[in-house]
>>> print(open('structure-v1.csv').read())   # CSV, C-alpha atoms
chain,number,residue,atom,x,y,z
A,1,MET,CA,-76.4,83.7,120.2
A,2,LYS,CA,-77.9,80.3,119.7
A,3,PHE,CA,-77.6,78.9,116.2
A,4,LYS,CA,-81.0,77.3,115.3
A,5,VAL,CA,-81.3,75.5,112.0
A,6,VAL,CA,-83.3,72.9,110.2
A,7,PHE,CA,-81.9,70.8,107.3
A,8,HIS,CA,-84.5,69.5,104.8
A,9,LEU,CA,-84.2,66.2,102.8
A,10,ASP,CA,-86.9,64.9,100.5
A,11,TRP,CA,-85.3,62.9,97.7
A,12,ASP,CA,-83.8,59.4,98.0
A,13,ASP,CA,-80.4,60.8,97.5
A,14,GLU,CA,-77.6,59.5,99.8
A,15,SER,CA,-75.2,62.3,98.7
A,16,ALA,CA,-77.6,65.0,100.0
A,17,LEU,CA,-77.9,63.2,103.4
A,18,ILE,CA,-74.1,62.9,103.6
A,19,MET,CA,-73.7,66.6,102.6
A,20,GLY,CA,-76.2,67.5,105.4
A,21,LEU,CA,-74.4,65.3,108.0
A,22,ASN,CA,-71.0,67.0,107.0
A,23,ASN,CA,-72.7,70.4,107.4
A,24,ILE,CA,-73.8,69.5,110.9
A,25,THR,CA,-70.4,68.0,111.8
A,26,ASN,CA,-68.7,71.2,110.7
A,27,MET,CA,-71.2,73.4,112.6
A,28,LEU,CA,-70.6,71.4,115.8
A,29,ALA,CA,-66.8,71.7,115.3
A,30,ALA,CA,-67.2,75.5,115.0
A,31,ILE,CA,-69.5,76.1,118.0
A,32,SER,CA,-70.4,74.2,121.1
A,33,SER,CA,-73.4,71.9,121.0
A,34,GLU,CA,-74.9,74.0,123.8
A,35,ALA,CA,-75.0,77.0,121.4
A,36,ALA,CA,-76.7,75.0,118.7
A,37,GLU,CA,-80.2,73.7,118.0
A,38,ILE,CA,-80.1,71.5,115.0
A,39,HIS,CA,-82.9,69.6,113.3
A,40,MET,CA,-83.0,67.4,110.2
A,41,VAL,CA,-86.5,66.8,108.7
A,42,ALA,CA,-86.9,64.1,106.1
A,43,ASN,CA,-90.0,63.6,104.1
A,44,GLY,CA,-90.9,62.0,100.7
A,45,GLU,CA,-88.6,59.3,99.5
A,46,SER,CA,-85.7,60.5,101.6
A,47,ILE,CA,-87.1,58.6,104.6
A,48,ARG,CA,-85.7,55.4,102.9
A,49,LEU,CA,-82.2,56.6,103.8
A,50,PHE,CA,-83.0,56.1,107.5
A,51,ARG,CA,-83.9,52.4,107.4
A,52,GLU,CA,-82.1,50.5,110.1
A,53,ASP,CA,-81.2,47.5,107.9
A,54,LEU,CA,-79.1,49.7,105.7
A,55,THR,CA,-75.9,49.3,107.6
A,56,LEU,CA,-74.4,52.3,105.8
A,57,LYS,CA,-71.3,54.3,106.5
A,58,TYR,CA,-73.3,57.2,107.8
A,59,SER,CA,-75.4,55.4,110.5
A,60,GLU,CA,-72.6,55.8,113.0
A,61,THR,CA,-72.4,59.5,112.2
A,62,ILE,CA,-76.2,59.8,112.9
A,63,LYS,CA,-75.7,58.2,116.3
A,64,GLU,CA,-72.9,60.5,117.2
A,65,LEU,CA,-74.8,63.6,116.1
A,66,HIS,CA,-77.9,62.5,117.9
A,67,ASP,CA,-75.8,62.1,121.1
A,68,GLN,CA,-74.9,65.7,120.7
A,69,GLY,CA,-78.5,66.7,120.6
A,70,VAL,CA,-79.3,66.8,116.9
A,71,ARG,CA,-82.9,65.8,116.1
A,72,PHE,CA,-83.7,63.5,113.2
A,73,CYS,CA,-87.4,63.7,112.2
A,74,LEU,CA,-89.2,61.5,109.7
A,75,CYS,CA,-92.6,62.5,108.2
A,76,ASN,CA,-95.4,60.1,109.2
A,77,ASN,CA,-97.3,60.8,106.0
A,78,SER,CA,-94.3,59.5,104.0
A,79,MET,CA,-93.9,56.5,106.4
A,80,ASN,CA,-97.5,55.5,105.6
A,81,LYS,CA,-97.2,56.2,101.9
A,82,PHE,CA,-94.1,53.9,101.5
A,83,GLY,CA,-95.3,51.3,104.1
A,84,PHE,CA,-92.5,51.8,106.7
A,85,LYS,CA,-92.9,51.2,110.4
A,86,LYS,CA,-91.0,53.0,113.2
A,87,GLU,CA,-89.2,49.8,114.2
A,88,GLN,CA,-87.6,49.5,110.7
A,89,MET,CA,-85.9,52.9,111.1
A,90,LEU,CA,-82.8,53.9,113.0
A,91,ASP,CA,-83.5,54.3,116.7
A,92,GLN,CA,-82.3,57.9,116.6
A,93,CYS,CA,-85.2,58.9,114.4
A,94,GLU,CA,-88.4,60.6,115.7
A,95,ILE,CA,-91.6,60.3,113.8
A,96,VAL,CA,-93.5,63.6,113.3
A,97,PRO,CA,-97.0,63.8,111.9
A,98,ALA,CA,-96.2,65.8,108.8
A,99,GLY,CA,-92.7,66.9,107.7
A,100,ILE,CA,-93.9,70.0,106.0
A,101,ILE,CA,-95.8,71.2,109.1
A,102,GLU,CA,-92.6,70.5,111.2
A,103,LEU,CA,-90.6,72.6,108.7
A,104,CYS,CA,-93.1,75.5,109.0
A,105,LYS,CA,-93.1,75.3,112.8
A,106,LEU,CA,-89.3,75.3,113.1
A,107,GLN,CA,-88.8,78.2,110.7
A,108,ASN,CA,-91.5,80.1,112.6
A,109,ALA,CA,-89.6,79.4,115.8
A,110,GLY,CA,-86.5,81.1,114.4
A,111,CYS,CA,-84.7,78.2,112.7
A,112,ALA,CA,-82.7,79.0,109.5
A,113,TYR,CA,-83.6,76.6,106.6
A,114,ILE,CA,-80.9,74.8,104.7
A,115,LYS,CA,-81.5,72.4,101.8
A,116,PRO,CA,-78.5,70.3,101.0
B,117,MET,CA,-101.3,79.8,114.7
B,118,LYS,CA,-101.4,80.4,110.9
B,119,PHE,CA,-99.1,78.3,108.8
B,120,LYS,CA,-97.5,80.5,106.2
B,121,VAL,CA,-95.3,78.9,103.6
B,122,VAL,CA,-93.8,79.4,100.1
B,123,PHE,CA,-92.7,76.5,97.9
B,124,HIS,CA,-90.1,77.4,95.3
B,125,LEU,CA,-89.6,75.8,91.9
B,126,ASP,CA,-87.0,76.8,89.4
B,127,TRP,CA,-86.0,73.7,87.2
B,128,ASP,CA,-88.1,72.1,84.5
B,129,ASP,CA,-88.5,69.1,86.8
B,130,GLU,CA,-92.0,67.5,86.9
B,131,SER,CA,-91.0,65.4,89.9
B,132,ALA,CA,-90.2,68.5,92.0
B,133,LEU,CA,-93.6,70.0,91.1
B,134,ILE,CA,-95.4,66.8,92.1
B,135,MET,CA,-93.5,66.6,95.3
B,136,GLY,CA,-94.5,70.2,96.1
B,137,LEU,CA,-98.2,69.5,95.3
B,138,ASN,CA,-98.1,66.4,97.5
B,139,ASN,CA,-96.6,68.5,100.3
B,140,ILE,CA,-99.4,71.0,100.0
B,141,THR,CA,-102.1,68.3,99.9
B,142,ASN,CA,-100.6,66.8,103.0
B,143,MET,CA,-100.6,70.2,104.7
B,144,LEU,CA,-104.2,70.8,103.9
B,145,ALA,CA,-105.1,67.4,105.2
B,146,ALA,CA,-103.4,68.1,108.5
B,147,ILE,CA,-104.8,71.6,109.1
B,148,SER,CA,-107.8,73.5,107.8
B,149,SER,CA,-107.3,75.7,104.8
B,150,GLU,CA,-108.3,78.7,107.0
B,151,ALA,CA,-105.2,78.1,109.1
B,152,ALA,CA,-102.9,78.0,106.1
B,153,GLU,CA,-101.5,80.6,103.7
B,154,ILE,CA,-99.7,78.7,101.0
B,155,HIS,CA,-97.8,80.1,97.9
B,156,MET,CA,-95.9,78.4,95.1
B,157,VAL,CA,-93.5,80.6,93.2
B,158,ALA,CA,-92.1,79.3,89.9
B,159,ASN,CA,-89.2,81.0,88.1
B,160,GLY,CA,-86.6,79.9,85.5
B,161,GLU,CA,-87.4,76.9,83.4
B,162,SER,CA,-90.0,75.6,85.9
B,163,ILE,CA,-92.6,77.9,84.5
B,164,ARG,CA,-92.9,75.4,81.5
B,165,LEU,CA,-94.6,73.0,83.9
B,166,PHE,CA,-97.6,75.3,84.1
B,167,ARG,CA,-98.4,75.4,80.3
B,168,GLU,CA,-102.1,74.9,79.8
B,169,ASP,CA,-101.7,72.7,76.7
B,170,LEU,CA,-99.8,70.1,78.8
B,171,THR,CA,-102.9,68.1,79.9
B,172,LEU,CA,-100.9,66.5,82.7
B,173,LYS,CA,-102.0,64.4,85.5
B,174,TYR,CA,-101.4,67.2,88.0
B,175,SER,CA,-103.4,70.1,86.4
B,176,GLU,CA,-106.5,68.8,88.2
B,177,THR,CA,-104.6,68.9,91.5
B,178,ILE,CA,-103.5,72.5,90.8
B,179,LYS,CA,-107.2,73.5,90.2
B,180,GLU,CA,-108.3,71.8,93.5
B,181,LEU,CA,-105.5,73.4,95.5
B,182,HIS,CA,-106.2,76.8,94.0
B,183,ASP,CA,-109.9,76.4,95.0
B,184,GLN,CA,-108.6,75.9,98.6
B,185,GLY,CA,-106.7,79.2,98.4
B,186,VAL,CA,-103.2,78.2,97.3
B,187,ARG,CA,-101.5,80.8,95.1
B,188,PHE,CA,-99.5,79.8,92.1
B,189,CYS,CA,-97.2,82.5,90.9
B,190,LEU,CA,-95.1,82.6,87.7
B,191,CYS,CA,-92.2,85.0,87.3
B,192,ASN,CA,-92.7,87.5,84.5
B,193,ASN,CA,-89.0,87.8,83.8
B,194,SER,CA,-89.0,84.1,83.0
B,195,MET,CA,-92.2,84.4,80.9
B,196,ASN,CA,-90.4,86.9,78.8
B,197,LYS,CA,-87.2,85.0,78.6
B,198,PHE,CA,-88.9,81.9,77.3
B,199,GLY,CA,-91.5,83.7,75.2
B,200,PHE,CA,-94.6,82.5,77.1
B,201,LYS,CA,-97.8,84.5,77.3
B,202,LYS,CA,-100.3,84.5,80.2
B,203,GLU,CA,-103.0,82.8,78.1
B,204,GLN,CA,-100.8,79.8,77.4
B,205,MET,CA,-100.6,79.0,81.1
B,206,LEU,CA,-103.1,77.4,83.5
B,207,ASP,CA,-105.8,79.8,84.5
B,208,GLN,CA,-105.0,79.3,88.1
B,209,CYS,CA,-101.6,81.0,87.7
B,210,GLU,CA,-100.9,84.6,88.6
B,211,ILE,CA,-98.0,86.4,87.0
B,212,VAL,CA,-95.7,88.3,89.3
B,213,PRO,CA,-93.1,90.8,88.1
B,214,ALA,CA,-90.0,88.9,89.5
B,215,GLY,CA,-90.1,85.6,91.2
B,216,ILE,CA,-87.1,86.3,93.4
B,217,ILE,CA,-88.6,89.5,94.7
B,218,GLU,CA,-91.8,87.6,95.5
B,219,LEU,CA,-89.8,85.0,97.4
B,220,CYS,CA,-88.1,87.8,99.4
B,221,LYS,CA,-91.3,89.6,100.1
B,222,LEU,CA,-93.1,86.4,101.3
B,223,GLN,CA,-90.3,85.3,103.6
B,224,ASN,CA,-90.1,88.8,104.9
B,225,ALA,CA,-93.8,88.6,105.7
B,226,GLY,CA,-93.2,85.4,107.8
B,227,CYS,CA,-93.6,82.6,105.2
B,228,ALA,CA,-91.4,79.5,105.7
B,229,TYR,CA,-89.4,78.6,102.6
B,230,ILE,CA,-89.5,75.1,101.2
B,231,LYS,CA,-87.6,73.9,98.2
B,232,PRO,CA,-88.9,70.5,96.9
C,233,MET,CA,-88.1,98.2,102.3
C,234,LYS,CA,-84.7,96.7,101.9
C,235,PHE,CA,-84.5,93.3,100.1
C,236,LYS,CA,-82.1,91.1,102.0
C,237,VAL,CA,-81.4,87.7,100.6
C,238,VAL,CA,-78.9,84.9,100.6
C,239,PHE,CA,-78.4,82.4,97.7
C,240,HIS,CA,-77.0,79.0,98.7
C,241,LEU,CA,-74.9,76.8,96.5
C,242,ASP,CA,-73.4,73.4,97.5
C,243,TRP,CA,-73.0,71.1,94.5
C,244,ASP,CA,-70.5,71.4,91.7
C,245,ASP,CA,-73.3,72.4,89.3
C,246,GLU,CA,-72.6,75.2,86.9
C,247,SER,CA,-76.2,75.5,86.0
C,248,ALA,CA,-77.2,76.2,89.6
C,249,LEU,CA,-74.6,79.0,89.8
C,250,ILE,CA,-75.8,80.5,86.5
C,251,MET,CA,-79.4,80.3,87.7
C,252,GLY,CA,-78.4,82.2,90.9
C,253,LEU,CA,-76.5,84.8,88.9
C,254,ASN,CA,-79.5,85.3,86.7
C,255,ASN,CA,-81.7,85.6,89.7
C,256,ILE,CA,-79.5,88.3,91.2
C,257,THR,CA,-79.3,90.2,87.8
C,258,ASN,CA,-83.1,90.2,87.6
C,259,MET,CA,-83.3,91.4,91.2
C,260,LEU,CA,-81.0,94.3,90.5
C,261,ALA,CA,-82.9,95.2,87.4
C,262,ALA,CA,-86.1,95.4,89.4
C,263,ILE,CA,-84.8,97.4,92.3
C,264,SER,CA,-81.9,99.7,92.9
C,265,SER,CA,-78.7,98.2,94.4
C,266,GLU,CA,-79.2,100.5,97.4
C,267,ALA,CA,-82.4,98.8,98.2
C,268,ALA,CA,-80.8,95.3,98.1
C,269,GLU,CA,-78.5,93.3,100.3
C,270,ILE,CA,-77.5,90.2,98.4
C,271,HIS,CA,-75.2,87.4,99.5
C,272,MET,CA,-74.2,84.2,97.8
C,273,VAL,CA,-72.7,81.5,100.1
C,274,ALA,CA,-71.0,78.5,98.5
C,275,ASN,CA,-69.9,75.4,100.5
C,276,GLY,CA,-69.2,71.8,99.6
C,277,GLU,CA,-68.1,71.1,96.1
C,278,SER,CA,-69.7,74.2,94.7
C,279,ILE,CA,-66.6,76.2,95.7
C,280,ARG,CA,-64.8,74.7,92.7
C,281,LEU,CA,-67.0,76.9,90.5
C,282,PHE,CA,-65.2,80.0,91.8
C,283,ARG,CA,-61.6,79.0,90.8
C,284,GLU,CA,-59.9,81.8,89.0
C,285,ASP,CA,-58.3,79.6,86.4
C,286,LEU,CA,-61.6,78.6,85.0
C,287,THR,CA,-62.1,81.5,82.6
C,288,LEU,CA,-65.7,80.8,82.3
C,289,LYS,CA,-68.5,82.8,80.8
C,290,TYR,CA,-69.8,83.8,84.2
C,291,SER,CA,-66.7,85.3,85.8
C,292,GLU,CA,-67.4,88.6,84.2
C,293,THR,CA,-71.0,88.5,85.6
C,294,ILE,CA,-69.6,87.9,89.1
C,295,LYS,CA,-67.3,90.9,88.8
C,296,GLU,CA,-70.2,93.1,87.7
C,297,LEU,CA,-72.4,91.9,90.5
C,298,HIS,CA,-69.7,92.3,93.0
C,299,ASP,CA,-69.2,95.9,91.8
C,300,GLN,CA,-72.9,96.4,92.6
C,301,GLY,CA,-72.4,95.2,96.2
C,302,VAL,CA,-73.1,91.5,96.0
C,303,ARG,CA,-71.0,89.4,98.4
C,304,PHE,CA,-69.6,86.0,97.3
C,305,CYS,CA,-68.6,83.9,100.3
C,306,LEU,CA,-66.7,80.6,100.1
C,307,CYS,CA,-66.7,78.2,103.1
C,308,ASN,CA,-63.2,77.8,104.6
C,309,ASN,CA,-64.0,74.2,105.8
C,310,SER,CA,-64.6,73.3,102.2
C,311,MET,CA,-61.5,75.1,101.0
C,312,ASN,CA,-59.4,73.0,103.4
C,313,LYS,CA,-61.2,69.8,102.5
C,314,PHE,CA,-60.6,70.2,98.8
C,315,GLY,CA,-57.2,71.8,99.2
C,316,PHE,CA,-57.9,75.2,97.6
C,317,LYS,CA,-56.1,78.4,98.6
C,318,LYS,CA,-57.6,81.9,98.5
C,319,GLU,CA,-55.3,83.0,95.7
C,320,GLN,CA,-56.7,80.3,93.4
C,321,MET,CA,-60.2,81.7,93.7
C,322,LEU,CA,-61.8,84.7,91.9
C,323,ASP,CA,-60.7,88.0,93.6
C,324,GLN,CA,-64.3,88.9,94.3
C,325,CYS,CA,-64.7,86.0,96.7
C,326,GLU,CA,-64.5,86.3,100.5
C,327,ILE,CA,-63.6,83.4,102.7
C,328,VAL,CA,-65.9,82.7,105.6
C,329,PRO,CA,-64.9,80.3,108.4
C,330,ALA,CA,-68.0,78.0,107.9
C,331,GLY,CA,-70.6,78.4,105.2
C,332,ILE,CA,-73.4,76.9,107.3
C,333,ILE,CA,-72.8,79.3,110.1
C,334,GLU,CA,-72.8,82.2,107.6
C,335,LEU,CA,-76.2,80.9,106.3
C,336,CYS,CA,-77.6,80.8,109.8
C,337,LYS,CA,-76.3,84.3,110.7
C,338,LEU,CA,-77.6,85.8,107.6
C,339,GLN,CA,-81.1,84.3,107.9
C,340,ASN,CA,-81.1,85.3,111.5
C,341,ALA,CA,-80.3,88.8,110.4
C,342,GLY,CA,-83.4,88.8,108.2
C,343,CYS,CA,-82.2,87.5,104.9
C,344,ALA,CA,-84.5,85.4,102.8
C,345,TYR,CA,-83.0,82.1,101.7
C,346,ILE,CA,-83.0,80.9,98.1
C,347,LYS,CA,-81.6,77.7,96.8
C,348,PRO,CA,-81.2,77.7,93.0
>>> encode(input="structure-v1.csv", output="structure tokens")
Amino acid sequence: MKFKVVFHLDWDDESALIMGLNNITNMLAAISSEAAEIHMVANGESIRLFREDLTLKYSETIKELHDQGVRFCLCNNSMNKFGFKKEQMLDQCEIVPAGIIELCKLQNAGCAYIKP
Amino acid sequence: MKFKVVFHLDWDDESALIMGLNNITNMLAAISSEAAEIHMVANGESIRLFREDLTLKYSETIKELHDQGVRFCLCNNSMNKFGFKKEQMLDQCEIVPAGIIELCKLQNAGCAYIKP
Amino acid sequence: MKFKVVFHLDWDDESALIMGLNNITNMLAAISSEAAEIHMVANGESIRLFREDLTLKYSETIKELHDQGVRFCLCNNSMNKFGFKKEQMLDQCEIVPAGIIELCKLQNAGCAYIKP
């Protein structure tokens, strides 16, 4: 069995991001990364948490999890709304056209949904 | 592919409602309304946000989205608990017997779940 | 039709637990317990809410719902992180190895997800 899951962030709330990163770390400690397909989708104000110039304690964790295959997706609608450019964000992030559509597609493809 | 989704509200938190309405507006800008099946289910204290006498900035948005086929469902258990009557709520709202049962049915029918 | 659902808690927020318990009570008033398969999965700091020595107003509700077949699952990773032992928690709780994995498995097995 492959564990497919998408974590959803939308508020500018560092504690929710850290909760999500801990969740993913625990998952990958319990199962091999080959048995997991893990996505994090951020829309709304939560995209601020992924700015590269915020040298925060969790950016290293994001890099490590990305190396293990975790996708970090930022909503392009939200990027435009708040005036962010791709080069301002952590390199590990991928821009998706609309976060909500991504969440629909992933759940439709069999991912469990988790809101930290 | 049809995008089927249910947005869930439960707290009396205007910012969560506005986030959800923005999410839906973005969805309908990205895909045609024919390709979407969108529900919003409110239970618990969140039903207060749909009172008609609150002439709030978002009631116009609810009317516009409803015209595009979005369903707004209020939980009848919560209506009774807080002593609200259907005629006090925005006309665009539909009363469902139990919000949680509606959420189960919709997910069972293939809707993605999103909690703003 | 069987209504299968998992409620997810992660923050140390009594009001979210009470919302979830009300949701379940309403469900079981609307349908028979035979037609329902109901789980509550707590991880992160939310596990504190299930300590036995907290003689809180909702512990009786948990017992009644458990008698009707509702499962209450606590994440063992979180138990270890916060230094709790099984015997400190309400008897009605079951310890699962990883709350997030449990949430994935249950959704994969057809449970709707609800985050109060």
>>> calpha_fit_and_write(input="structure-v1.csv", fixed="chain C", moving="chain A", output="PDB file with C-alpha atoms, keeping the file's coordinate frame")
ATOM      1  CA  MET A   1     -88.041  98.197 102.294  1.00  0.00           C
ATOM      2  CA  LYS A   2     -84.637  96.690 101.844  1.00  0.00           C
ATOM      3  CA  PHE A   3     -84.569  93.348 100.077  1.00  0.00           C
ATOM      4  CA  LYS A   4     -82.092  91.080 101.988  1.00  0.00           C
ATOM      5  CA  VAL A   5     -81.379  87.651 100.591  1.00  0.00           C
ATOM      6  CA  VAL A   6     -78.854  84.890 100.624  1.00  0.00           C
ATOM      7  CA  PHE A   7     -78.439  82.381  97.742  1.00  0.00           C
ATOM      8  CA  HIS A   8     -77.011  78.961  98.725  1.00  0.00           C
ATOM      9  CA  LEU A   9     -74.851  76.715  96.430  1.00  0.00           C
ATOM     10  CA  ASP A  10     -73.324  73.445  97.547  1.00  0.00           C
ATOM     11  CA  TRP A  11     -73.046  71.113  94.566  1.00  0.00           C
ATOM     12  CA  ASP A  12     -70.512  71.382  91.721  1.00  0.00           C
ATOM     13  CA  ASP A  13     -73.227  72.325  89.374  1.00  0.00           C
ATOM     14  CA  GLU A  14     -72.533  75.234  86.949  1.00  0.00           C
ATOM     15  CA  SER A  15     -76.245  75.486  85.963  1.00  0.00           C
ATOM     16  CA  ALA A  16     -77.255  76.258  89.585  1.00  0.00           C
ATOM     17  CA  LEU A  17     -74.571  79.020  89.823  1.00  0.00           C
ATOM     18  CA  ILE A  18     -75.761  80.491  86.508  1.00  0.00           C
ATOM     19  CA  MET A  19     -79.431  80.271  87.665  1.00  0.00           C
ATOM     20  CA  GLY A  20     -78.395  82.120  90.892  1.00  0.00           C
ATOM     21  CA  LEU A  21     -76.434  84.817  88.965  1.00  0.00           C
ATOM     22  CA  ASN A  22     -79.557  85.344  86.637  1.00  0.00           C
ATOM     23  CA  ASN A  23     -81.718  85.637  89.776  1.00  0.00           C
ATOM     24  CA  ILE A  24     -79.469  88.348  91.139  1.00  0.00           C
ATOM     25  CA  THR A  25     -79.252  90.143  87.770  1.00  0.00           C
ATOM     26  CA  ASN A  26     -83.033  90.210  87.565  1.00  0.00           C
ATOM     27  CA  MET A  27     -83.392  91.425  91.184  1.00  0.00           C
ATOM     28  CA  LEU A  28     -80.951  94.287  90.515  1.00  0.00           C
ATOM     29  CA  ALA A  29     -82.869  95.203  87.312  1.00  0.00           C
ATOM     30  CA  ALA A  30     -86.101  95.365  89.366  1.00  0.00           C
ATOM     31  CA  ILE A  31     -84.826  97.423  92.330  1.00  0.00           C
ATOM     32  CA  SER A  32     -81.904  99.682  92.956  1.00  0.00           C
ATOM     33  CA  SER A  33     -78.742  98.187  94.394  1.00  0.00           C
ATOM     34  CA  GLU A  34     -79.147 100.569  97.337  1.00  0.00           C
ATOM     35  CA  ALA A  35     -82.421  98.774  98.247  1.00  0.00           C
ATOM     36  CA  ALA A  36     -80.802  95.378  98.089  1.00  0.00           C
ATOM     37  CA  GLU A  37     -78.487  93.306 100.275  1.00  0.00           C
ATOM     38  CA  ILE A  38     -77.497  90.234  98.423  1.00  0.00           C
ATOM     39  CA  HIS A  39     -75.233  87.391  99.489  1.00  0.00           C
ATOM     40  CA  MET A  40     -74.193  84.156  97.783  1.00  0.00           C
ATOM     41  CA  VAL A  41     -72.722  81.452 100.103  1.00  0.00           C
ATOM     42  CA  ALA A  42     -70.981  78.497  98.537  1.00  0.00           C
ATOM     43  CA  ASN A  43     -69.903  75.486 100.443  1.00  0.00           C
ATOM     44  CA  GLY A  44     -69.155  71.785  99.624  1.00  0.00           C
ATOM     45  CA  GLU A  45     -68.076  71.070  96.110  1.00  0.00           C
ATOM     46  CA  SER A  46     -69.653  74.211  94.728  1.00  0.00           C
ATOM     47  CA  ILE A  47     -66.563  76.202  95.753  1.00  0.00           C
ATOM     48  CA  ARG A  48     -64.838  74.634  92.646  1.00  0.00           C
ATOM     49  CA  LEU A  49     -67.007  76.875  90.462  1.00  0.00           C
ATOM     50  CA  PHE A  50     -65.166  79.938  91.808  1.00  0.00           C
ATOM     51  CA  ARG A  51     -61.622  78.965  90.806  1.00  0.00           C
ATOM     52  CA  GLU A  52     -59.892  81.801  89.045  1.00  0.00           C
ATOM     53  CA  ASP A  53     -58.289  79.626  86.334  1.00  0.00           C
ATOM     54  CA  LEU A  54     -61.683  78.665  85.051  1.00  0.00           C
ATOM     55  CA  THR A  55     -62.049  81.481  82.613  1.00  0.00           C
ATOM     56  CA  LEU A  56     -65.782  80.801  82.313  1.00  0.00           C
ATOM     57  CA  LYS A  57     -68.546  82.840  80.795  1.00  0.00           C
ATOM     58  CA  TYR A  58     -69.889  83.783  84.173  1.00  0.00           C
ATOM     59  CA  SER A  59     -66.696  85.267  85.766  1.00  0.00           C
ATOM     60  CA  GLU A  60     -67.421  88.619  84.189  1.00  0.00           C
ATOM     61  CA  THR A  61     -70.952  88.515  85.565  1.00  0.00           C
ATOM     62  CA  ILE A  62     -69.496  87.875  89.100  1.00  0.00           C
ATOM     63  CA  LYS A  63     -67.304  90.948  88.753  1.00  0.00           C
ATOM     64  CA  GLU A  64     -70.151  93.112  87.680  1.00  0.00           C
ATOM     65  CA  LEU A  65     -72.414  91.903  90.481  1.00  0.00           C
ATOM     66  CA  HIS A  66     -69.696  92.312  93.032  1.00  0.00           C
ATOM     67  CA  ASP A  67     -69.241  95.944  91.843  1.00  0.00           C
ATOM     68  CA  GLN A  68     -72.845  96.439  92.676  1.00  0.00           C
ATOM     69  CA  GLY A  69     -72.313  95.237  96.175  1.00  0.00           C
ATOM     70  CA  VAL A  70     -73.171  91.553  95.998  1.00  0.00           C
ATOM     71  CA  ARG A  71     -71.106  89.399  98.385  1.00  0.00           C
ATOM     72  CA  PHE A  72     -69.642  86.088  97.274  1.00  0.00           C
ATOM     73  CA  CYS A  73     -68.640  83.898 100.261  1.00  0.00           C
ATOM     74  CA  LEU A  74     -66.748  80.621 100.143  1.00  0.00           C
ATOM     75  CA  CYS A  75     -66.707  78.196 103.131  1.00  0.00           C
ATOM     76  CA  ASN A  76     -63.214  77.772 104.620  1.00  0.00           C
ATOM     77  CA  ASN A  77     -64.009  74.256 105.780  1.00  0.00           C
ATOM     78  CA  SER A  78     -64.660  73.261 102.136  1.00  0.00           C
ATOM     79  CA  MET A  79     -61.505  75.162 100.971  1.00  0.00           C
ATOM     80  CA  ASN A  80     -59.440  73.008 103.359  1.00  0.00           C
ATOM     81  CA  LYS A  81     -61.257  69.801 102.531  1.00  0.00           C
ATOM     82  CA  PHE A  82     -60.608  70.167  98.722  1.00  0.00           C
ATOM     83  CA  GLY A  83     -57.106  71.752  99.151  1.00  0.00           C
ATOM     84  CA  PHE A  84     -57.888  75.213  97.646  1.00  0.00           C
ATOM     85  CA  LYS A  85     -56.119  78.400  98.606  1.00  0.00           C
ATOM     86  CA  LYS A  86     -57.615  81.928  98.525  1.00  0.00           C
ATOM     87  CA  GLU A  87     -55.255  82.995  95.737  1.00  0.00           C
ATOM     88  CA  GLN A  88     -56.660  80.275  93.385  1.00  0.00           C
ATOM     89  CA  MET A  89     -60.173  81.760  93.640  1.00  0.00           C
ATOM     90  CA  LEU A  90     -61.715  84.754  91.946  1.00  0.00           C
ATOM     91  CA  ASP A  91     -60.696  87.989  93.630  1.00  0.00           C
ATOM     92  CA  GLN A  92     -64.331  88.866  94.282  1.00  0.00           C
ATOM     93  CA  CYS A  93     -64.695  85.970  96.675  1.00  0.00           C
ATOM     94  CA  GLU A  94     -64.518  86.309 100.505  1.00  0.00           C
ATOM     95  CA  ILE A  95     -63.545  83.385 102.614  1.00  0.00           C
ATOM     96  CA  VAL A  96     -65.805  82.761 105.656  1.00  0.00           C
ATOM     97  CA  PRO A  97     -64.999  80.271 108.376  1.00  0.00           C
ATOM     98  CA  ALA A  98     -67.968  77.992 107.882  1.00  0.00           C
ATOM     99  CA  GLY A  99     -70.639  78.370 105.163  1.00  0.00           C
ATOM    100  CA  ILE A 100     -73.356  76.851 107.224  1.00  0.00           C
ATOM    101  CA  ILE A 101     -72.732  79.233 110.157  1.00  0.00           C
ATOM    102  CA  GLU A 102     -72.777  82.188 107.626  1.00  0.00           C
ATOM    103  CA  LEU A 103     -76.133  80.900 106.308  1.00  0.00           C
ATOM    104  CA  CYS A 104     -77.572  80.743 109.865  1.00  0.00           C
ATOM    105  CA  LYS A 105     -76.280  84.224 110.699  1.00  0.00           C
ATOM    106  CA  LEU A 106     -77.702  85.833 107.549  1.00  0.00           C
ATOM    107  CA  GLN A 107     -81.128  84.233 107.904  1.00  0.00           C
ATOM    108  CA  ASN A 108     -81.147  85.332 111.551  1.00  0.00           C
ATOM    109  CA  ALA A 109     -80.352  88.848 110.391  1.00  0.00           C
ATOM    110  CA  GLY A 110     -83.474  88.900 108.220  1.00  0.00           C
ATOM    111  CA  CYS A 111     -82.169  87.518 104.915  1.00  0.00           C
ATOM    112  CA  ALA A 112     -84.601  85.384 102.814  1.00  0.00           C
ATOM    113  CA  TYR A 113     -83.010  82.023 101.741  1.00  0.00           C
ATOM    114  CA  ILE A 114     -83.078  80.939  98.141  1.00  0.00           C
ATOM    115  CA  LYS A 115     -81.607  77.683  96.813  1.00  0.00           C
ATOM    116  CA  PRO A 116     -81.209  77.675  93.086  1.00  0.00           C
TER     117      PRO A 116
END
>>> atom_distance(input="structure-v1.csv", atom1="atom CA of Asn275 of chain C", atom2="atom CA of Arg51 of chain A")
27.8 Å
>>> interface_residues(input="structure-v1.csv", of="chain C", to="chain B", cutoff="7 Å", atoms="only C-alpha atoms", output="list of chain:residue names")
C:Phe235, C:Val237, C:Asn255, C:Met259, C:Ala344, C:Pro348
